[in-house]
Every structure is written in structure tokens, then in C-alpha cells.
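S.K.: What follows is data17.txt, made up of compact mmCIF, C-alpha atoms and all ligand atoms:
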# COMPACT_ATOMS: atom_id res chain seq x y z
CA MET A 702 3.71 23.96 23.79
CA PRO A 703 1.68 24.32 20.58
CA GLU A 704 -1.21 21.89 19.95
CA TRP A 705 -1.41 20.13 16.57
CA PRO A 706 -5.14 20.43 15.92
CA ALA A 707 -5.27 17.61 13.33
CA GLU A 708 -3.99 15.03 15.84
CA LYS A 709 -4.70 16.73 19.19
CA LEU A 710 -1.06 16.38 20.21
CA GLN A 711 1.11 18.84 22.15
CA LEU A 712 4.33 19.13 20.16
CA ALA A 713 7.49 21.21 20.35
CA CYS A 714 10.56 21.58 18.17
CA PHE A 715 13.95 20.65 19.55
CA PRO A 716 15.88 22.89 20.01
CA ASP A 717 12.97 25.20 20.66
CA VAL A 718 12.21 27.77 17.95
CA PRO A 719 9.52 30.47 18.02
CA ASP A 720 6.17 29.32 16.51
CA HIS A 721 6.36 32.01 13.83
CA VAL A 722 9.67 30.54 12.56
CA SER A 723 8.74 26.87 12.47
CA LEU A 724 6.08 24.51 13.79
CA PRO A 725 6.90 20.88 14.63
CA TRP A 726 4.48 19.56 11.99
CA ASP A 727 3.51 20.54 8.46
CA SER A 728 0.77 19.78 5.96
CA ALA A 729 2.90 16.98 4.47
CA ASP A 730 2.67 15.17 7.84
CA GLU A 731 -1.10 15.69 7.79
CA TYR A 732 -1.36 14.40 4.22
CA LEU A 733 0.66 11.27 5.10
CA LEU A 734 -1.59 10.51 8.06
CA ARG A 735 -4.73 11.12 6.01
CA GLU A 736 -3.72 8.63 3.30
CA ALA A 737 -1.87 5.97 5.33
CA ASP A 738 -3.49 3.23 7.42
CA THR A 739 -3.34 4.65 10.95
CA THR A 740 -4.66 1.40 12.51
CA ILE A 741 -1.33 -0.45 12.06
CA PRO A 742 1.29 1.63 13.92
CA THR A 743 3.49 -1.36 14.80
CA ALA A 744 3.55 -2.46 11.15
CA THR A 745 4.66 1.04 10.08
CA LEU A 746 8.15 2.39 9.41
CA ILE A 747 8.66 6.17 9.54
CA LEU A 748 11.66 7.87 7.92
CA ASN A 749 12.87 11.47 8.37
CA ASP A 750 10.29 12.54 10.96
CA ARG A 751 11.66 16.03 11.74
CA HIS A 752 10.17 16.55 15.22
CA GLY A 753 8.42 13.25 15.94
CA ALA A 754 4.98 14.44 14.81
CA LEU A 755 4.41 11.28 12.74
CA TYR A 756 5.72 9.00 15.49
CA CYS A 757 3.42 10.60 18.07
CA ALA A 758 0.46 10.06 15.75
CA LEU A 759 1.57 6.41 15.27
CA PRO A 760 3.25 5.50 18.57
CA GLY A 761 5.08 2.17 18.53
CA ALA A 762 6.07 2.55 14.85
CA ALA A 763 9.63 1.73 13.81
CA THR A 764 11.46 4.94 13.04
CA TRP A 765 14.74 6.35 11.72
CA SER A 766 15.92 9.95 11.60
CA ASP A 767 19.44 11.03 10.77
CA SER A 768 19.33 14.00 13.11
CA PHE A 769 20.08 13.78 16.83
CA CYS A 770 17.82 16.83 17.36
CA ALA A 771 14.96 15.12 15.50
CA ARG A 772 15.35 12.07 17.76
CA GLN A 773 15.41 14.27 20.85
CA ALA A 774 12.27 16.09 19.66
CA ALA A 775 10.46 12.78 19.10
CA GLN A 776 11.46 11.54 22.53
CA ASN A 777 10.39 14.79 24.25
CA ASN A 778 7.11 14.92 22.34
CA ALA A 779 6.25 11.27 23.04
CA ARG A 780 6.83 11.86 26.77
CA ALA A 781 4.83 15.10 26.77
CA ASN A 782 1.85 13.18 25.33
CA ASP A 783 2.28 10.12 27.61
CA LEU A 784 3.27 7.91 24.68
CA ARG A 785 5.89 5.18 24.51
CA PRO A 786 9.16 6.89 23.48
CA PRO A 787 10.60 5.72 20.14
CA ASP A 788 13.57 3.35 19.76
CA PHE A 789 15.49 4.62 16.76
CA LEU A 790 16.90 2.25 14.17
CA ASN A 791 20.54 2.63 13.15
CA TYR A 792 21.09 3.50 9.51
CA GLY A 793 21.79 0.50 7.33
CA ASP A 794 20.70 -1.85 10.08
CA PHE A 795 17.05 -2.34 9.22
CA SER A 796 17.33 -6.14 9.49
CA SER A 797 15.17 -6.18 12.66
CA LEU A 798 12.18 -5.05 10.56
CA THR A 799 10.10 -8.13 9.94
CA ASN A 800 6.44 -7.21 9.70
CA ILE A 801 6.45 -3.74 8.10
CA ARG A 802 3.40 -3.24 5.84
CA GLN A 803 3.67 0.49 5.21
CA VAL A 804 6.41 3.11 5.14
CA LEU A 805 5.88 6.85 5.64
CA ILE A 806 8.67 9.03 4.28
CA GLN A 807 9.15 12.76 4.67
CA ILE A 808 11.06 13.36 1.40
CA PRO A 809 14.68 14.37 2.16
CA LYS A 810 16.41 17.30 0.46
CA GLN A 811 18.52 15.29 -1.97
CA LYS A 812 17.37 12.69 -4.48
CA ASP A 813 20.33 10.38 -3.85
CA GLN A 814 19.46 10.39 -0.15
CA LEU A 815 15.94 9.24 -0.99
CA ALA A 816 17.35 6.64 -3.40
CA ASP A 817 19.53 5.20 -0.62
CA GLN A 818 16.59 5.10 1.80
CA LEU A 819 14.36 3.40 -0.79
CA ARG A 820 17.13 0.88 -1.42
CA LEU A 821 17.03 -0.04 2.28
CA VAL A 822 13.23 -0.13 2.36
CA ALA A 823 13.14 -2.29 -0.77
CA THR A 824 15.69 -4.69 0.74
CA HIS A 825 14.03 -5.08 4.14
CA CYS A 826 10.32 -4.43 3.45
CA PRO A 827 9.88 -5.20 -0.27
CA ASP A 828 6.09 -5.56 -0.14
CA ALA A 829 5.39 -2.43 1.88
CA ASN A 830 2.99 0.25 0.71
CA VAL A 831 5.17 3.38 0.59
CA PHE A 832 3.83 6.91 1.09
CA LEU A 833 6.14 9.85 0.44
CA ALA A 834 5.34 13.48 1.12
CA GLY A 835 6.86 16.93 1.29
CA MET A 836 6.10 20.54 0.52
CA ALA A 837 5.43 20.72 -3.23
CA LYS A 838 7.83 23.63 -3.81
CA HIS A 839 10.76 21.49 -2.64
CA ILE A 840 9.94 18.47 -4.84
CA PRO A 841 11.25 18.77 -8.41
CA ILE A 842 9.36 17.19 -11.33
CA SER A 843 12.49 15.15 -12.12
CA LEU A 844 12.08 13.37 -8.76
CA LEU A 845 8.46 12.51 -9.53
CA ASN A 846 9.48 11.16 -12.94
CA TRP A 847 12.26 9.09 -11.40
CA LEU A 848 9.86 7.55 -8.86
CA GLU A 849 7.28 6.82 -11.53
CA VAL A 850 9.83 5.11 -13.78
CA ASN A 851 11.27 2.94 -11.01
CA ALA A 852 8.22 1.90 -8.97
CA ASP A 853 5.91 -0.88 -10.25
CA GLU A 854 2.87 1.12 -9.09
CA TYR A 855 2.84 4.91 -8.78
CA THR A 856 0.00 7.20 -7.68
CA GLN A 857 0.23 10.98 -7.47
CA PRO A 858 -2.89 12.56 -5.97
CA ARG A 859 -3.46 16.33 -6.10
CA ILE A 860 -1.51 18.82 -3.98
CA VAL A 861 -3.25 19.60 -0.66
CA LYS A 862 -2.36 22.66 1.44
CA LYS A 863 0.85 23.05 -0.62
CA ALA A 864 1.91 19.48 0.25
CA ARG A 865 2.60 16.79 -2.36
CA LEU A 866 1.92 13.11 -1.62
CA LEU A 867 3.03 10.08 -3.63
CA ASN A 868 2.14 6.43 -3.14
CA ILE A 869 4.38 3.71 -4.57
CA ARG A 870 4.46 -0.11 -4.44
CA GLY A 871 6.70 -2.72 -6.02
CA LEU A 872 10.25 -1.64 -5.17
CA THR A 873 12.42 -4.27 -6.91
CA LYS A 874 14.28 -1.71 -9.01
CA PHE A 875 15.22 0.32 -5.93
CA ALA A 876 16.63 -2.80 -4.22
CA SER A 877 19.13 -3.29 -7.03
CA MET A 878 20.32 0.34 -7.05
CA GLU A 879 23.94 0.73 -6.10
CA ARG A 880 24.89 2.04 -2.67
CA SER A 881 25.95 5.56 -3.51
CA LEU A 882 29.13 6.07 -1.49
CA ARG A 883 31.00 9.05 -2.94
CA GLY A 884 34.10 10.94 -1.98
CA TYR A 885 37.21 12.88 -2.88
CA THR A 886 40.89 12.98 -2.08
CA VAL A 887 42.87 15.96 -0.84
CA ASP A 888 46.55 16.10 0.19
CA GLY A 889 46.70 12.29 0.33
CA LEU A 890 43.55 11.98 2.47
CA THR A 891 40.54 10.03 1.22
CA LEU A 892 37.10 11.06 2.39
CA ASN A 893 33.85 9.24 1.57
CA GLY A 894 30.25 9.64 2.62
CA LEU A 895 26.75 8.40 1.98
CA PRO A 896 24.14 10.77 0.52
CA GLY A 897 23.10 13.36 3.08
CA VAL A 898 26.61 13.91 4.44
CA PHE A 899 27.66 17.52 3.96
CA SER A 900 29.91 18.18 0.94
CA ARG A 901 30.63 14.46 0.59
CA ASP A 902 31.95 14.58 -2.98
CA HIS A 903 34.05 17.75 -2.92
CA LEU A 904 36.09 19.71 -0.40
CA ASP A 905 33.92 22.49 1.00
CA PRO A 906 35.54 25.86 0.10
CA GLY A 907 35.14 27.05 3.71
CA ALA A 908 36.93 23.93 4.98
CA GLU A 909 39.64 24.46 2.34
CA VAL A 910 40.36 27.97 3.64
CA PHE A 911 40.05 26.86 7.29
CA ARG A 912 42.71 24.14 6.92
CA GLN A 913 45.28 26.80 5.98
CA TYR A 914 44.94 28.36 9.44
CA PHE A 915 45.33 25.25 11.59
CA PRO A 916 47.96 25.72 14.32
CA ASP A 917 50.49 22.99 15.28
CA LEU A 918 48.95 21.08 18.17
CA HIS A 919 50.42 18.52 20.56
CA GLY A 920 48.71 16.70 23.42
CA LYS A 921 45.58 18.84 23.29
CA VAL A 922 41.90 17.98 23.69
CA ILE A 923 40.23 19.30 20.57
CA CYS A 924 36.73 19.24 19.17
CA ASP A 925 35.62 19.32 15.53
CA LEU A 926 32.11 20.67 16.06
CA GLY A 927 29.81 19.71 13.17
CA CYS A 928 32.32 17.25 11.71
CA GLY A 929 30.52 16.24 8.47
CA ASN A 930 32.70 13.64 6.72
CA GLY A 931 35.50 14.31 9.21
CA ILE A 932 37.70 16.42 6.94
CA LEU A 933 38.72 18.87 9.70
CA ALA A 934 39.18 16.24 12.44
CA ILE A 935 41.23 14.01 10.13
CA SER A 936 43.37 16.91 8.85
CA LEU A 937 44.00 17.97 12.46
CA ALA A 938 44.83 14.41 13.52
CA LYS A 939 47.33 14.03 10.69
CA ALA A 940 49.04 17.34 11.51
CA SER A 941 49.28 16.82 15.27
CA THR A 942 50.63 14.33 17.81
CA GLY A 943 49.10 12.97 21.01
CA CYS A 944 45.85 14.90 20.64
CA THR A 945 42.36 13.60 21.38
CA ILE A 946 40.09 14.94 18.69
CA ILE A 947 36.40 14.65 19.47
CA ALA A 948 34.38 14.82 16.27
CA THR A 949 30.69 15.42 16.80
CA ASP A 950 27.72 15.99 14.53
CA ASP A 951 23.92 16.08 14.65
CA SER A 952 23.82 13.72 11.66
CA GLU A 953 24.21 9.97 12.24
CA LEU A 954 25.41 9.58 8.64
CA ALA A 955 28.12 12.19 9.27
CA THR A 956 29.33 10.34 12.37
CA LEU A 957 29.40 7.05 10.41
CA ALA A 958 31.36 8.74 7.61
CA THR A 959 33.87 10.31 10.03
CA LYS A 960 34.49 6.96 11.75
CA ALA A 961 34.93 5.15 8.46
CA ASN A 962 37.16 7.90 7.03
CA ALA A 963 39.36 8.00 10.13
CA LYS A 964 39.97 4.26 9.73
CA LEU A 965 40.47 4.61 5.98
CA ASN A 966 43.20 7.18 6.65
CA ASP A 967 44.85 4.91 9.20
CA LEU A 968 43.88 6.85 12.33
CA VAL A 969 42.95 5.43 15.69
CA THR A 970 39.27 5.83 16.58
CA ASN A 971 37.38 5.28 19.82
CA ASP A 972 36.15 1.82 18.85
CA LEU A 973 39.58 0.55 17.81
CA VAL A 974 42.15 -0.80 20.27
CA THR A 975 45.28 1.36 20.11
CA ASN A 976 48.32 -0.56 18.91
CA ASN A 977 51.82 0.42 20.05
CA SER A 978 52.99 1.82 16.75
CA LYS A 979 50.21 4.34 16.85
CA THR A 980 50.31 5.53 20.46
CA ASN A 981 51.91 8.84 19.60
CA ASN A 982 49.31 9.51 16.94
CA SER A 983 46.33 11.66 17.63
CA LYS A 984 43.13 9.70 18.06
CA ILE A 985 39.61 10.50 16.86
CA ASP A 986 36.60 10.00 19.07
CA VAL A 987 33.29 10.31 17.17
CA ARG A 988 29.97 11.23 18.84
CA HIS A 989 26.36 11.89 17.82
CA GLY A 990 24.84 14.98 19.46
CA ASN A 991 23.40 18.48 19.27
CA ALA A 992 26.24 21.03 19.29
CA LEU A 993 28.40 19.90 22.27
CA SER A 994 25.70 17.89 24.07
CA ALA A 995 27.80 14.71 23.75
CA VAL A 996 30.99 16.34 25.06
CA THR A 997 31.66 16.57 28.80
CA GLU A 998 35.43 17.06 28.58
CA LYS A 999 36.96 20.50 29.01
CA LEU A 1000 38.48 21.48 25.67
CA ASP A 1001 41.66 23.27 24.58
CA TYR A 1002 40.39 24.01 21.06
CA VAL A 1003 37.09 23.93 19.20
CA PHE A 1004 37.17 24.06 15.40
CA CYS A 1005 33.84 24.85 13.78
CA ASN A 1006 32.61 25.24 10.22
CA PRO A 1007 28.99 25.82 11.29
CA PRO A 1008 25.84 25.06 9.29
CA PHE A 1009 23.67 27.94 8.19
CA HIS A 1010 20.76 25.88 6.91
CA ASP A 1011 18.22 23.83 8.83
CA GLY A 1012 16.44 21.66 6.29
CA ASN A 1013 15.41 24.10 3.58
CA LYS A 1014 15.57 27.20 5.80
CA GLN A 1015 18.55 29.51 6.21
CA LEU A 1016 19.11 30.03 9.94
CA THR A 1017 21.91 31.18 12.22
CA ASN A 1018 20.47 29.77 15.45
CA ILE A 1019 22.38 26.46 15.23
CA ALA A 1020 25.70 28.26 14.75
CA LEU A 1021 24.97 30.61 17.66
CA ASN A 1022 24.12 27.64 19.88
CA MET A 1023 27.41 26.00 18.86
CA PHE A 1024 29.40 29.13 19.79
CA SER A 1025 27.73 29.33 23.18
CA ASP A 1026 28.34 25.61 23.89
CA ALA A 1027 31.97 26.07 22.81
CA HIS A 1028 32.36 28.97 25.23
CA LYS A 1029 31.01 26.81 28.09
CA GLN A 1030 33.13 23.79 27.28
CA LEU A 1031 36.48 25.50 26.60
CA LYS A 1032 39.13 25.71 29.31
CA GLY A 1033 40.01 29.20 30.61
CA ASP A 1034 42.77 29.54 28.01
CA GLY A 1035 40.84 27.61 25.34
CA VAL A 1036 40.33 28.81 21.77
CA LEU A 1037 37.37 28.69 19.39
CA LEU A 1038 38.20 28.86 15.69
CA VAL A 1039 35.32 29.44 13.29
CA VAL A 1040 35.20 29.65 9.51
CA ALA A 1041 32.20 31.35 7.96
CA ASN A 1042 31.06 33.00 4.79
CA ARG A 1043 31.82 36.73 5.08
CA HIS A 1044 28.17 37.72 4.68
CA LEU A 1045 27.16 35.84 7.86
CA PRO A 1046 26.67 38.12 10.88
CA TYR A 1047 28.74 36.25 13.47
CA THR A 1048 31.14 38.94 14.72
CA THR A 1049 28.66 40.54 17.15
CA ALA A 1050 27.51 37.19 18.56
CA LEU A 1051 31.10 36.01 19.05
CA LYS A 1052 32.10 39.29 20.68
CA LYS A 1053 29.24 38.95 23.17
CA LEU A 1054 30.64 35.58 24.29
CA PHE A 1055 34.42 35.93 23.95
CA ARG A 1056 36.73 38.60 25.36
CA ARG A 1057 38.88 38.69 22.24
CA VAL A 1058 37.75 37.94 18.68
CA ARG A 1059 40.40 38.25 15.98
CA LEU A 1060 39.99 37.86 12.23
CA ILE A 1061 42.96 35.84 11.05
CA SER A 1062 42.12 35.25 7.37
CA ASP A 1063 42.53 37.52 4.41
CA ASP A 1064 40.30 35.40 2.16
CA LYS A 1065 37.77 37.26 0.02
CA ARG A 1066 34.89 34.86 0.72
CA PHE A 1067 35.52 33.42 4.18
CA ASN A 1068 36.32 34.85 7.58
CA VAL A 1069 38.32 32.78 10.04
CA TYR A 1070 37.69 33.94 13.63
CA TYR A 1071 40.10 33.21 16.49
CA CYS A 1072 38.22 33.65 19.77
CA THR A 1073 39.66 33.54 23.28
CA LYS A 1074 37.82 33.79 26.60
C1 LIG A 1101 29.09 23.35 7.12
S1 LIG A 1101 29.04 21.65 7.61
C2 LIG A 1101 30.75 21.38 8.04
C3 LIG A 1101 31.17 19.95 7.88
C4 LIG A 1101 32.69 19.71 7.98
N1 LIG A 1101 33.19 20.10 9.28
C5 LIG A 1101 33.40 20.47 6.89
O1 LIG A 1101 34.11 21.45 7.23
O2 LIG A 1101 33.27 20.11 5.71
C6 LIG A 1101 28.20 21.75 9.15
C7 LIG A 1101 27.96 20.43 9.86
O3 LIG A 1101 27.23 20.71 11.06
C8 LIG A 1101 26.32 19.65 11.29
N2 LIG A 1101 25.24 20.11 12.18
C9 LIG A 1101 24.07 20.71 11.86
N3 LIG A 1101 23.35 20.98 12.95
C10 LIG A 1101 24.08 20.54 14.01
C11 LIG A 1101 23.87 20.52 15.42
N4 LIG A 1101 22.77 21.01 15.94
N5 LIG A 1101 24.82 19.97 16.19
C12 LIG A 1101 25.96 19.44 15.65
N6 LIG A 1101 26.21 19.43 14.32
C13 LIG A 1101 25.30 19.98 13.51
C14 LIG A 1101 25.85 19.26 9.89
O4 LIG A 1101 25.31 17.94 9.88
C15 LIG A 1101 27.14 19.42 9.08
O5 LIG A 1101 27.83 18.19 9.00
Can the structure from this file be put into C-alpha cells for me?
M.R.:
Amino acid sequence: MPEWPAEKLQLACFPDVPDHVSLPWDSADEYLLREADTTIPTATLILNDRHGALYCALPGAATWSDSFCARQAAQNNARANDLRPPDFLNYGDFSSLTNIRQVLIQIPKQKDQLADQLRLVATHCPDANVFLAGMAKHIPISLLNWLEVNADEYTQPRIVKKARLLNIRGLTKFASMERSLRGYTVDGLTLNGLPGVFSRDHLDPGAEVFRQYFPDLHGKVICDLGCGNGILAISLAKASTGCTIIATDDSELATLATKANAKLNDLVTNDLVTNNSKTNNSKIDVRHGNALSAVTEKLDYVFCNPPFHDGNKQLTNIALNMFSDAHKQLKGDGVLLVVANRHLPYTTALKKLFRRVRLISDDKRFNVYYCTK
């Protein structure tokens, strides 16, 4: 387990990645801890802590991360350093925060995601001193300008070890920003999502191709692995009868979007009592987890439009982990269907796991693989 010299903590990524690929802290974490008041952990709120490095430096802080893997990393790292494990807040439910005096934010990838988070911070901790940081190359000037225009006080110290830090106070304008729920409609289905949910305002071209290859399914146990806004699970539910469709994603916002979209499209979900008129309909069961960690059922089908980015890095390890979990969780005659950009090198990995891997699409950009054990 690598030691973070700045804080003398033993930290690991979850899932584990080699040290040369990624470390569980970065110089933006160090910059945040250098500028923030580290004597008030229980009056601190941390957002988007990728592997729990900030939490372990400020144990007892309130914390929220969208990613299940980030939460698992924080829990593992807190235990490894004999610290109290974090209790994660649920998104949008920050009402339990009463005495927060400072907020530490690892800047998310999209500006509208940050805007939504600042709206929540401004609503629940309006007087907090807010520190934001990230690697300078990922922070556009337009974002700095937007923060400067909207915050009452704005300080931008110099870049340190390629990390950019910003300090803002006075968040009234962020509190009045509109909740940015966006969506689209396709074939009579309506799909919405908060910022951060994959392809929330347009149908992903991979998903569009994938939907053309869905088989007719009845009474099967199916999983939409990496469900995003639920487009695949909801399309499958509408086209099938009597199926249980487990939709799972690493992102809490994606699971919230899938649940809301299933209801919006008049489908039965796990937290809704089935009424008689709908008993023959397929039902959607939404879960937060890493690959298939939240799924114990044996599956007839897994449908997967896998991610090939982790934060700002392009990686195939998450997809490969999904394929291997799918192989374990499928019944003997179960099927994995995958859609992927043609340039992605999945054929070899799939052939190592599955006895038969067929290409069933003739699309120029996307392969659809049909894999049987
Ligand atoms: C390419 S998107 C597909 C979303 C949706 N199924 C669609 O077709 O539009 C991949 C999804 O995988 C999710 N994801 C990323 N890492 C994951 C992991 N380790 N376990 C489960 N889901 C993950 C992302 O949050 C994202 O929603």
C-alpha cells in the first residue's frame, strides 16, 4: 500500500490500479489541505474525494462522492489507517449539515456538475468558506471566470505542482441557480438526468445501435450493467414481459436517474408496490455498486455499454472487470451482450472469458458482441 508522504497515510485506490497508472492522491488534494483549516474536521464538508485521501486527512468530516468505488476506497483507507470510516451523504439530502464552516471540493469534470454541487452547498452551508481544487490542465479559464462572477469573494492563488486552487465565499447567487435536470425523448420514452449522468441530454450513439439488437425476452433475469440514465433497462423493460431487470451503476446520480426515469415511463421499480394491472410488466430493480458487486442473482442476460474513461483518463480496466463479473454471474446458458466503439480492443479479452464470441452488428462505428459461456 503506497504511503502519502504529505499526510503519512497508507492509501490505496479501489479497485486497485498499479502505482504507475494512478495514485490515490494528487497535488490538488495536497493544495486543499495546505490552504484549508485542518483543525476543524467535523465542521468540514468534502465533495468528490476520489479515493478518500481528503477524508483520511480530515477524519470525521461530512463527505459525498457520487462513485461507489470512491466510497469503497475511502472506507478501506480509513480502516487501513485506524480511522473512523466515513458515513456518506445522499445527493440532494444535505439537510443534516448544520455546522459546516468549510467545504473542500475536488472540481468535477463538468461545469454544470459543479454548479449543481455549489447550489446544494449554498443552500445548506451558505456561510462556508469554500476551497476548490483540481489539476490546472483540466480547469478551463471559462470556469474560473464563471466562479469569479458568481461568488461574492474570489481568490485565485498561483498554481502549485500543476494544481490550481480557488477560494470562494458568499454563495447567494449559486443558491438561486436552477436545478439543471436535462433529458431527451426517444421512441416515446422520456429520460432525464442531473449533471454528471452519462449522456443525459442526448441518446448515446452506442446505445442507439445497441437497442437495434435487443432480443425478445420473457420471464428472464437481466442486468443492465452501467445503466447511466436507464435507457437500456427501460427500453428492455418496455419490449419484454415478466422480466426482472437489475440496473446497476457506480454513480449514485445514475441510479437516481434510472429510478426516476423508470417511474416517469410508468414502469414498476423495486421501491414501488406492484399493482395488479402491472404484474405482467417487467420490473426494474436499481442498485449502486462496482460492476456486479450489488448483484447476487444468477443472470440470464447481461447488457453492457461499458465506460472507457475513469475521470479524465482513458482506461479499459473497468470494462474488463465488468466482463469478468458478467461471466461469473451468468447462468450456464446465459448471454453477455456488449456494445463498444470499434477501436476498443475487447475481442481478445472477451474470447479469453467466453467460449463463443460473435459479432452481430454491421455498424461502421460500433461492434455489438454476443458472448456465450
Ligand atoms: C458508456 S456509459 C453507458 C450508460 C447507459 N447504459 C447508456 O447506454 O447510455 C457507462 C456507465 O458505466 C458506469 N460505470 C463506470 N464505472 C463503473 C463501475 N465500476 N461499475 C458500474 N458502473 C460503472 C458509468 O457511470 C456510466 O453510467
S.K.: When the cut-off is 7 Å and you count all atoms listed in the file, which residues lie near ligand LIG 1101 (chain A), shown as a PyMOL selection string?
M.R.: chain A and resi 770+898-900+904-905+907-908+925-933+949-952+955+990-992+1005-1008+1019
S.K.: Residues of region 888-937 of chain A that have any atom at most 9 Å from an atom of region 808-825 of chain A: could you tabulate them with the shortest-distance atom pair and the distance in Å to one decimal, using only C-alpha atoms, ordered by chain and increasing number, as CSV?
M.R.:
residue,atom,partner,partner_atom,distance
A:Leu895,CA,A:Gln814,CA,7.9
A:Pro896,CA,A:Gln814,CA,4.7
A:Gly897,CA,A:Gln814,CA,5.7
S.K.: Between CA of Tyr732 (chain A) and CA of Lys863 (chain A), what is the distance, to one decimal in Å?
M.R.: 10.2 Å
S.K.: What is the distance between CA of Asn966 (chain A) and CA of Gly793 (chain A), in Å to one decimal?
M.R.: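 One can read the CA of Asn966 (chain A) to CA of Gly793 (chain A) distance as 22.4 Å.
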S.K.: For Ala934 (chain A), which of A:Glu854, A:Asp986, A:Asp1034, A:Asp720 is the closest residue, counting all atoms listed in the file?
M.R.: A:Asp986
S.K.: Could you list, as a PyMOL selection string, every residue within 9 Å of region 833-840 of chain A, counting all atoms listed in the file and ignoring same-chain residues fewer than 4 positions away?
M.R.: chain A and resi 727-730+732-733+804-810+844-845+860+862-869+1013
S.K.: Mind checking which residues fall within 9 Å of region 747-754 of chain A, counting all atoms listed in the file, ignoring those fewer than 4 positions away in the same chain, and posting them as a ChimeraX atom specification?
M.R.: /A:705,710,712-715,725-727,730,758-759,762-768,770-779,787,803-809,818
S.K.: Give me, as a CSV table (one decimal) with C-alpha atoms, in the coordinates of the input, all polymer residues having an atom no more than 10 Å from Val887 (chain A), counting only C-alpha atoms and skipping those fewer than 4 positions away in the same chain.
M.R.:
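The new file result_19.csv reads:
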chain,number,residue,atom,x,y,z
A,891,THR,CA,40.5,10.0,1.2
A,892,LEU,CA,37.1,11.1,2.4
A,903,HIS,CA,34.0,17.8,-2.9
A,904,LEU,CA,36.1,19.7,-0.4
A,909,GLU,CA,39.6,24.5,2.3
A,932,ILE,CA,37.7,16.4,6.9
A,936,SER,CA,43.4,16.9,8.8
S.K.: List the neighbours of Ser1062 (chain A) out to 12 Å using all atoms listed in the file; skip same-chain residues closer than 2 positions along the sequence, and give me the result as a PyMOL selection string.
M.R.: chain A and resi 907+910-915+1038-1043+1059-1060+1064-1071
S.K.: Report the distance between CA of Ile923 (chain A) and CA of Tyr1002 (chain A) in Å, rounded to one decimal place.
M.R.: 4.7 Å
S.K.: Which residue is closest to Ser994 (chain A)? Choose from A:Thr886, A:Asn962, A:Asn981, A:Gln1030 and count all atoms listed in the file.
M.R.: A:Gln1030
S.K.: Identify which of the residues A:Val722, A:Ile801, A:Leu755, A:Leu1021 lies closest to Leu734 (chain A), counting all atoms listed in the file when measuring atom-to-atom distances.
M.R.: A:Leu755
S.K.: Please determine, counting only C-alpha atoms, which residue among A:Cys826, A:Ala781, A:Leu1051, A:Phe1024 has the shortest atom-to-atom distance to Ser796 (chain A).
M.R.: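 Comparing A:Cys826, A:Ala781, A:Leu1051, A:Phe1024 against Ser796 (chain A), the winner is A:Cys826.
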S.K.: Measuring between only C-alpha atoms, which one of A:Leu1031, A:Ala938, A:Val718, A:Ile946 shows the shortest distance to Asp967 (chain A)?
M.R.: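 Ranked by minimum distance to Asp967 (chain A), first place goes to A:Ala938.
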S.K.: Pick out the closest residue to Arg883 (chain A) from this set: A:Thr1073, A:Asp902, A:Asn800, A:Glu704. Count all atoms listed in the file.
M.R.: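 With all atoms listed in the file as the atom set, the closest residue is A:Asp902.
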